[in-house]
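Have a look at my_file_3.csv below; it lists CSV, C-alpha atoms.
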chain,number,residue,atom,x,y,z
A,12,MET,CA,130.3,140.9,-39.5
A,13,THR,CA,129.1,144.2,-40.7
A,14,ASP,CA,131.7,145.3,-43.3
A,15,LYS,CA,129.2,144.8,-46.1
A,16,ILE,CA,127.7,148.0,-47.6
A,17,PHE,CA,124.3,148.0,-49.2
A,18,PRO,CA,124.3,151.1,-51.5
A,19,THR,CA,120.4,151.1,-51.7
A,20,ALA,CA,117.5,150.0,-49.5
A,21,GLN,CA,116.7,147.6,-52.4
A,22,ASP,CA,120.2,146.0,-52.0
A,23,ALA,CA,119.6,145.5,-48.3
A,24,GLU,CA,116.2,144.0,-49.0
A,25,ALA,CA,117.7,141.6,-51.6
A,26,ALA,CA,120.4,140.5,-49.1
A,27,PHE,CA,117.7,140.1,-46.4
A,28,TYR,CA,115.7,137.6,-48.4
A,29,GLU,CA,118.8,135.8,-49.7
A,30,ALA,CA,119.9,135.4,-46.1
A,31,LEU,CA,116.4,134.1,-45.2
A,32,GLU,CA,116.4,131.5,-48.0
A,33,ARG,CA,119.9,130.3,-47.3
A,34,GLY,CA,119.7,130.4,-43.6
A,35,ASP,CA,122.8,132.6,-43.8
A,36,TYR,CA,123.3,134.2,-40.4
A,37,GLN,CA,126.3,136.3,-41.3
A,38,THR,CA,124.5,138.1,-44.1
A,39,MET,CA,121.4,138.5,-41.9
A,40,ALA,CA,123.6,140.1,-39.3
A,41,ALA,CA,125.2,142.4,-41.9
A,42,VAL,CA,121.7,143.6,-43.1
A,43,TRP,CA,120.5,144.8,-39.7
A,44,ALA,CA,121.5,148.1,-38.2
A,45,GLU,CA,123.1,147.9,-34.8
A,46,ASP,CA,120.8,149.8,-32.5
A,47,GLU,CA,118.8,149.1,-29.4
A,48,ASP,CA,115.7,150.3,-31.2
A,49,VAL,CA,115.6,148.0,-34.3
A,50,LEU,CA,112.4,146.0,-34.3
A,51,CYS,CA,111.4,142.6,-35.7
A,52,VAL,CA,107.9,141.0,-35.7
A,53,HIS,CA,107.8,137.4,-37.1
A,54,PRO,CA,104.5,136.1,-38.4
A,55,GLY,CA,102.2,135.6,-35.4
A,56,GLY,CA,104.9,136.7,-33.0
A,57,PRO,CA,105.6,139.5,-30.5
A,58,ARG,CA,107.8,142.5,-31.2
A,59,LEU,CA,111.5,141.9,-30.7
A,60,ARG,CA,113.6,144.9,-29.9
A,61,GLY,CA,117.3,145.6,-30.3
A,62,THR,CA,119.9,144.1,-32.5
A,63,ASP,CA,120.9,141.5,-29.9
A,64,GLU,CA,117.4,140.2,-29.4
A,65,VAL,CA,116.5,140.3,-33.1
A,66,LEU,CA,119.7,138.5,-34.3
A,67,ALA,CA,119.4,135.9,-31.5
A,68,GLN,CA,116.0,135.0,-32.8
A,69,TRP,CA,117.3,134.7,-36.4
A,70,LYS,CA,120.1,132.5,-35.2
A,71,ARG,CA,117.5,130.2,-33.5
A,72,ILE,CA,115.4,130.1,-36.6
A,73,PHE,CA,118.4,129.2,-38.8
A,74,GLU,CA,119.6,126.7,-36.4
A,75,GLY,CA,116.2,125.0,-36.7
A,76,GLY,CA,117.4,123.9,-40.1
A,77,GLN,CA,114.1,124.6,-41.9
A,78,ARG,CA,114.8,125.6,-45.5
A,79,LEU,CA,112.5,128.1,-47.2
A,80,GLN,CA,112.0,129.4,-50.7
A,81,VAL,CA,110.8,133.0,-50.7
A,82,ARG,CA,109.3,134.7,-53.8
A,83,ILE,CA,108.6,138.4,-53.3
A,84,THR,CA,105.6,140.0,-55.0
A,85,GLN,CA,103.5,143.2,-54.8
A,86,GLN,CA,106.3,145.4,-53.7
A,87,VAL,CA,105.3,149.0,-52.8
A,88,VAL,CA,108.1,151.5,-51.9
A,89,ILE,CA,107.8,154.6,-49.8
A,90,ALA,CA,111.2,156.3,-50.3
A,91,GLY,CA,112.7,159.1,-48.3
A,92,MET,CA,116.3,160.4,-48.2
A,93,MET,CA,117.2,158.6,-45.0
A,94,VAL,CA,114.3,156.3,-44.3
A,95,ALA,CA,112.7,153.9,-46.8
A,96,VAL,CA,109.7,151.6,-46.3
A,97,HIS,CA,109.1,148.5,-48.5
A,98,SER,CA,105.8,146.6,-48.3
A,99,VAL,CA,105.9,143.2,-49.9
A,100,GLN,CA,104.1,139.9,-50.0
A,101,GLU,CA,106.4,137.0,-49.2
A,102,ASN,CA,105.3,133.8,-50.9
A,103,ILE,CA,107.0,131.1,-48.8
A,104,VAL,CA,107.4,127.5,-49.8
A,105,ILE,CA,108.7,125.3,-47.0
A,106,GLU,CA,111.0,122.5,-48.0
A,107,GLY,CA,109.3,119.1,-47.5
A,108,GLU,CA,105.8,120.6,-47.7
A,109,GLY,CA,103.6,120.8,-50.8
A,110,PRO,CA,104.2,123.5,-53.4
A,111,ALA,CA,101.4,125.9,-52.3
A,112,PRO,CA,103.1,128.9,-50.8
A,113,HIS,CA,102.3,130.5,-47.5
A,114,ALA,CA,101.5,134.2,-48.0
A,115,VAL,CA,103.0,136.7,-45.5
A,116,VAL,CA,102.7,140.5,-45.7
A,117,ALA,CA,105.8,142.3,-44.6
A,118,THR,CA,106.6,145.9,-43.9
A,119,ASN,CA,110.4,146.4,-44.1
A,120,VAL,CA,112.0,149.6,-42.9
A,121,TYR,CA,115.5,150.7,-44.0
A,122,GLN,CA,117.6,153.6,-42.8
A,123,ARG,CA,120.6,155.2,-44.4
A,124,ILE,CA,123.5,154.9,-42.0
A,125,GLY,CA,126.8,156.4,-43.3
A,126,PRO,CA,127.4,155.2,-46.8
A,127,GLY,CA,124.9,152.4,-46.9
A,128,TRP,CA,121.4,151.2,-46.0
A,129,ARG,CA,120.5,148.8,-43.2
A,130,MET,CA,117.3,147.2,-42.1
A,131,VAL,CA,115.8,148.8,-38.9
A,132,ALA,CA,112.4,147.1,-38.8
A,133,HIS,CA,110.7,144.0,-40.2
A,134,HIS,CA,107.0,143.4,-39.4
A,135,ALA,CA,105.6,140.3,-40.9
A,136,SER,CA,102.1,138.8,-40.5
A,137,PRO,CA,100.3,135.9,-42.2
A,138,VAL,CA,97.8,136.7,-45.0
A,139,PRO,CA,94.5,134.9,-44.4
A,140,ALA,CA,93.4,132.4,-47.0
A,141,PRO,CA,91.0,134.0,-49.5
A,142,ALA,CA,88.3,131.5,-48.5
A,143,ALA,CA,88.1,133.2,-45.1
A,144,PRO,CA,84.8,135.0,-44.5
A,145,PRO,CA,85.1,138.8,-45.1
A,146,PRO,CA,84.7,140.0,-41.5
A,147,ALA,CA,87.7,137.9,-40.5
A,148,GLU,CA,90.1,140.7,-41.2
A,149,ASN,CA,88.8,142.7,-38.3
A,150,ARG,CA,88.9,139.9,-35.7
A,151,LEU,CA,91.4,138.3,-33.6
A,152,PRO,CA,91.1,134.5,-33.8
A,153,GLY,CA,88.2,133.6,-31.7
A,154,SER,CA,87.9,137.1,-30.3
A,155,ALA,CA,86.0,140.3,-30.9
A,156,THR,CA,86.3,142.9,-33.5
A,157,LEU,CA,89.4,145.0,-33.1
A,158,HIS,CA,90.0,147.2,-36.0
B,4,MET,CA,87.5,166.1,-45.8
B,5,THR,CA,91.2,166.7,-46.0
B,6,ASP,CA,91.6,170.3,-45.0
B,7,LYS,CA,93.2,169.3,-41.7
B,8,ILE,CA,96.9,169.8,-41.4
B,9,PHE,CA,99.0,167.6,-39.1
B,10,PRO,CA,102.3,169.5,-38.5
B,11,THR,CA,104.1,166.5,-37.3
B,12,ALA,CA,103.9,162.7,-37.7
B,13,GLN,CA,103.0,162.6,-34.0
B,14,ASP,CA,100.1,164.8,-34.6
B,15,ALA,CA,98.9,162.5,-37.4
B,16,GLU,CA,99.3,159.5,-35.1
B,17,ALA,CA,97.3,161.2,-32.3
B,18,ALA,CA,94.5,162.0,-34.7
B,19,PHE,CA,94.6,158.4,-36.1
B,20,TYR,CA,94.1,156.9,-32.6
B,21,GLU,CA,91.5,159.4,-31.7
B,22,ALA,CA,89.5,158.6,-34.8
B,23,LEU,CA,89.8,154.9,-34.0
B,24,GLU,CA,88.5,155.3,-30.5
B,25,ARG,CA,85.7,157.6,-31.5
B,26,GLY,CA,84.7,155.8,-34.7
B,27,ASP,CA,85.2,159.2,-36.4
B,28,TYR,CA,85.4,158.5,-40.1
B,29,GLN,CA,86.0,162.2,-41.1
B,30,THR,CA,89.1,162.4,-39.0
B,31,MET,CA,90.3,159.0,-40.2
B,32,ALA,CA,89.9,160.2,-43.8
B,33,ALA,CA,91.8,163.3,-43.0
B,34,VAL,CA,94.7,161.4,-41.5
B,35,TRP,CA,95.4,159.2,-44.6
B,36,ALA,CA,97.2,160.4,-47.6
B,37,GLU,CA,95.3,160.2,-50.9
B,38,ASP,CA,97.3,157.8,-53.0
B,39,GLU,CA,96.8,154.5,-54.8
B,40,ASP,CA,99.8,153.1,-52.8
B,41,VAL,CA,98.7,153.7,-49.2
B,42,LEU,CA,98.6,150.4,-47.4
B,43,CYS,CA,96.6,149.0,-44.4
B,44,VAL,CA,96.8,145.6,-42.7
B,45,HIS,CA,94.3,145.1,-39.9
B,46,PRO,CA,95.1,142.5,-37.3
B,47,GLY,CA,94.9,139.1,-39.0
B,48,GLY,CA,93.8,140.6,-42.2
B,49,PRO,CA,95.1,141.0,-45.8
B,50,ARG,CA,96.9,144.0,-47.1
B,51,LEU,CA,94.5,146.7,-48.4
B,52,ARG,CA,95.9,149.1,-51.0
B,53,GLY,CA,94.9,152.6,-52.1
B,54,THR,CA,93.0,155.2,-50.2
B,55,ASP,CA,89.6,154.2,-51.5
B,56,GLU,CA,90.0,150.6,-50.4
B,57,VAL,CA,91.5,151.5,-47.1
B,58,LEU,CA,88.9,154.1,-46.2
B,59,ALA,CA,86.0,151.9,-47.3
B,60,GLN,CA,87.2,149.3,-44.8
B,61,TRP,CA,87.5,151.9,-42.0
B,62,LYS,CA,83.9,153.0,-42.8
B,63,ARG,CA,82.7,149.4,-42.5
B,64,ILE,CA,84.5,149.0,-39.2
B,65,PHE,CA,83.1,152.2,-37.8
B,66,GLU,CA,79.6,151.3,-39.1
B,67,GLY,CA,79.9,148.1,-37.1
B,68,GLY,CA,79.5,150.2,-34.1
B,69,GLN,CA,82.1,148.5,-31.9
B,70,ARG,CA,83.6,151.0,-29.5
B,71,LEU,CA,87.2,150.7,-28.5
B,72,GLN,CA,89.5,152.2,-25.9
B,73,VAL,CA,93.1,152.3,-27.2
B,74,ARG,CA,96.1,152.9,-25.0
B,75,ILE,CA,99.4,153.3,-26.9
B,76,THR,CA,102.6,152.1,-25.2
B,77,GLN,CA,106.2,151.2,-26.2
B,78,GLN,CA,106.5,153.7,-29.0
B,79,VAL,CA,109.7,153.6,-31.1
B,80,VAL,CA,110.2,156.3,-33.7
B,81,ILE,CA,112.3,156.1,-36.8
B,82,ALA,CA,112.3,159.7,-38.1
B,83,GLY,CA,113.4,161.0,-41.5
B,84,MET,CA,112.9,164.3,-43.2
B,85,MET,CA,110.0,163.1,-45.4
B,86,VAL,CA,109.2,159.6,-44.0
B,87,ALA,CA,108.7,158.6,-40.4
B,88,VAL,CA,107.9,155.2,-38.9
B,89,HIS,CA,106.3,154.8,-35.5
B,90,SER,CA,106.1,151.3,-34.0
B,91,VAL,CA,103.7,151.0,-31.1
B,92,GLN,CA,101.8,148.6,-29.0
B,93,GLU,CA,98.1,149.2,-29.1
B,94,ASN,CA,96.4,148.0,-25.9
B,95,ILE,CA,92.7,147.7,-26.9
B,96,VAL,CA,89.8,147.3,-24.6
B,97,ILE,CA,86.5,146.5,-26.3
B,98,GLU,CA,83.4,148.0,-24.9
B,99,GLY,CA,81.2,145.3,-23.3
B,100,GLU,CA,84.2,142.9,-22.8
B,101,GLY,CA,86.3,142.5,-19.7
B,102,PRO,CA,89.0,145.0,-18.8
B,103,ALA,CA,91.9,142.9,-20.1
B,104,PRO,CA,93.3,144.6,-23.2
B,105,HIS,CA,94.1,142.9,-26.4
B,106,ALA,CA,97.7,143.7,-27.4
B,107,VAL,CA,98.4,144.6,-31.0
B,108,VAL,CA,101.7,145.6,-32.5
B,109,ALA,CA,101.5,148.3,-35.2
B,110,THR,CA,103.9,149.8,-37.6
B,111,ASN,CA,102.7,153.2,-38.7
B,112,VAL,CA,104.3,155.0,-41.6
B,113,TYR,CA,103.8,158.8,-42.2
B,114,GLN,CA,104.9,160.9,-45.1
B,115,ARG,CA,105.4,164.6,-45.3
B,116,ILE,CA,103.1,165.9,-48.0
B,117,GLY,CA,103.2,169.7,-48.5
B,118,PRO,CA,102.9,171.4,-45.2
B,119,GLY,CA,101.8,168.4,-43.2
B,120,TRP,CA,102.1,164.8,-42.4
B,121,ARG,CA,99.8,162.0,-43.4
B,122,MET,CA,99.6,158.3,-42.7
B,123,VAL,CA,100.6,156.2,-45.7
B,124,ALA,CA,100.8,152.7,-44.1
B,125,HIS,CA,99.4,151.0,-41.0
B,126,HIS,CA,100.4,147.4,-40.4
B,127,ALA,CA,98.8,145.8,-37.3
B,128,SER,CA,99.1,142.2,-36.0
B,129,PRO,CA,98.0,140.6,-32.7
B,130,VAL,CA,100.6,140.0,-30.1
B,131,PRO,CA,100.4,136.4,-28.8
B,132,ALA,CA,99.6,135.8,-25.2
B,133,PRO,CA,102.7,135.5,-23.0
B,134,ALA,CA,101.6,132.0,-22.0
B,135,ALA,CA,102.1,130.7,-25.6
B,136,PRO,CA,105.0,128.3,-26.0
B,137,PRO,CA,108.2,130.0,-27.2
B,138,PRO,CA,108.4,128.4,-30.7
B,139,ALA,CA,105.0,129.8,-31.6
B,140,GLU,CA,106.4,133.0,-32.8
B,141,ASN,CA,107.9,131.3,-35.8
B,142,ARG,CA,104.8,129.4,-36.8
B,143,LEU,CA,101.6,130.0,-38.7
B,144,PRO,CA,98.7,128.7,-36.7
B,145,GLY,CA,98.6,125.0,-37.3
B,146,SER,CA,101.4,125.2,-39.8
B,147,ALA,CA,105.1,124.8,-40.2
B,148,THR,CA,107.9,127.2,-39.2
B,149,LEU,CA,108.0,130.2,-41.5
B,150,HIS,CA,110.4,132.8,-40.1

Once you've parsed the file, please lay out its structure as C-alpha cells.
Amino acid sequence: MTDKIFPTAQDAEAAFYEALERGDYQTMAAVWAEDEDVLCVHPGGPRLRGTDEVLAQWKRIFEGGQRLQVRITQQVVIAGMMVAVHSVQENIVIEGEGPAPHAVVATNVYQRIGPGWRMVAHHASPVPAPAAPPPAENRLPGSATLH
Amino acid sequence: MTDKIFPTAQDAEAAFYEALERGDYQTMAAVWAEDEDVLCVHPGGPRLRGTDEVLAQWKRIFEGGQRLQVRITQQVVIAGMMVAVHSVQENIVIEGEGPAPHAVVATNVYQRIGPGWRMVAHHASPVPAPAAPPPAENRLPGSATLH
C-alpha cells in the first residue's frame, strides 16, 4: 500500500487532501509514514499515536460515508531538509449541508524518508466563528482561561 | 528582549513552559522567532500570525493575571537539523480551581536560527474528556462529521 513516492512535502499534502475528499483509504495509507510515533489529532479529538491507530481512525471516518469538499487556504510553510511543517486553513463543505464552509486550522508535519516525503503528524482544530467574543480564544468551552 | 540563546529545541521548550507558568512576558518574547510567519493557536482559538500578533496575545493573557501550573507529558519529538517538532500533552491546573488538570494537546515547532533555536509555531487544542462518546472526535461541537 506504500509504494507511492511523494517527491516533496507539498506532493504528500496534495495527496492527503485528495484522499480526504475522496474517502480514499489506500492513498491516505500511502501518505502516512509507518512509525509508532506518527500523530493525528482530529478536530475536537484526542491525540492518536502510531500508524495503526491513526489509519484505523481514518478507515472508520471513510467508512462513515460522509463526503467532504476541502479548500485549502492561508498556507504557511516551515521547510527544513528532513522535516517540513505546513500550516493551513481547511475550508470544509459537508455534502448535504449548506454551502458555508467549516473552518479548521491544521498543522501538518512531513518527514523525508528515503526518496520521498510522508506525513508524520496532523493536528487539526476548529476555528471559532468570527462572531465569538474576543476572550473566547483563551478559554475552554465553559471553563476557565487556559492560555 | 531577544539576547537569550536556546542551544536546543528542548531548551526553547523548557523556557516556553516556564514563561507560561510564571506569566513571564520577557522570556516568552525571547522564545519566539521574529518573523511575520510565526503561528500560534490557543486552545479553541483562531490562528494568530506574525510575532507582533502572537506576542500581543501572550501579553493580554499574562495581564489577565491567571496563574497556571503546567505539567508536560507524552512528549514525542520529530527532529531535523533545522526544524524540530515536539508534540506534548499539557496538563494544566488553574490556580483557584480544583486539582483536576485540563488536558491540552500541543504541537510545538522550533527552528534553528543562527546559534540557537526559537519557537515558530504553537498549536494547542483541548483534549476531550475520556467520558465523551467515541464519535465525538470526528465532530465539531453540535455540527456534522468533519474528519

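The interatomic distance for the pair CA of Asp14 in chain B and CA of Val86 in chain B works out to 14.1 Å.
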
Skip Ala41 in chain A itself and residues of its chain fewer than 6 positions away, then list as a ChimeraX atom specification all residues within 10 Å of it, counting only C-alpha atoms.
/A:12-17,23,26-27,30,129-130

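With all atoms listed in the file taken into account, every residue lying no more than 8 Å from the file point (99.5, 153.0, -22.9) is included here: Val73, Arg74, Ile75, Thr76, Gln77, Gln92, Glu93 and Asn94 of chain B.
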
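Here CA of Tyr113 in chain B stands at a distance of 22.0 Å from CA of Glu47 in chain A.
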
Find the residues around range 105-118 of chain A up to 8 Å (all atoms listed in the file counted), leave out those fewer than 4 positions away in its own chain, and share them as a list in words.
Pro54, Gln77, Arg78, Leu79, Gln80, Val96, His97, Ser98, Val99, Gln100, Glu101, Ala132, His133, His134, Ala135, Ser136, Pro137, Val138 and Pro139 of chain A; Pro49, Arg50, Thr110, His126, Ala147 and Leu149 of chain B

Selection file, C-alpha atoms, as a compact mmCIF listing (two decimals), in the coordinates of the input:
# COMPACT_ATOMS: atom_id res chain seq x y z
CA PRO A 54 104.50 136.10 -38.40
CA GLN A 77 114.10 124.60 -41.90
CA ARG A 78 114.80 125.60 -45.50
CA LEU A 79 112.50 128.10 -47.20
CA GLN A 80 112.00 129.40 -50.70
CA VAL A 96 109.70 151.60 -46.30
CA HIS A 97 109.10 148.50 -48.50
CA SER A 98 105.80 146.60 -48.30
CA VAL A 99 105.90 143.20 -49.90
CA GLN A 100 104.10 139.90 -50.00
CA GLU A 101 106.40 137.00 -49.20
CA ALA A 132 112.40 147.10 -38.80
CA HIS A 133 110.70 144.00 -40.20
CA HIS A 134 107.00 143.40 -39.40
CA ALA A 135 105.60 140.30 -40.90
CA SER A 136 102.10 138.80 -40.50
CA PRO A 137 100.30 135.90 -42.20
CA VAL A 138 97.80 136.70 -45.00
CA PRO A 139 94.50 134.90 -44.40
CA PRO B 49 95.10 141.00 -45.80
CA ARG B 50 96.90 144.00 -47.10
CA THR B 110 103.90 149.80 -37.60
CA HIS B 126 100.40 147.40 -40.40
CA ALA B 147 105.10 124.80 -40.20
CA LEU B 149 108.00 130.20 -41.50

Mind giving me the straight-line distance from CA of Asp40 in chain B to CA of Gly53 in chain B in Å, one decimal?
5.0 Å

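Among B:Pro10, B:Gly83, B:Gly26, B:Gly68, the residue with the shortest atom-to-atom distance to chain A, counting all atoms listed in the file, is B:Gly83.
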
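Within 8 Å of range 27-29 of chain B, once all atoms listed in the file are used and residues closer than 6 positions along the same chain are dropped, the contacting residues are B:Met4, B:Glu21, B:Trp61, B:Lys62, B:Phe65.
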
Given the selection you just returned, output its residues as a file containing C-alpha atoms, formatted as a PDB file, in the coordinates of the input.
ATOM      1  CA  MET B   4      87.500 166.100 -45.800  1.00  0.00           C
ATOM      2  CA  GLU B  21      91.500 159.400 -31.700  1.00  0.00           C
ATOM      3  CA  TRP B  61      87.500 151.900 -42.000  1.00  0.00           C
ATOM      4  CA  LYS B  62      83.900 153.000 -42.800  1.00  0.00           C
ATOM      5  CA  PHE B  65      83.100 152.200 -37.800  1.00  0.00           C
TER       6      PHE B  65
END

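Among the candidate residues B:Cys43, B:Met84, B:Ala59, B:Ala12, the one lying nearest to chain A is B:Met84, with distances computed using all atoms listed in the file.
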
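Distances to chain A were evaluated for B:Ala17, B:Met85, B:Ala32, B:Leu58 using all atoms listed in the file, and the minimum falls at B:Met85.
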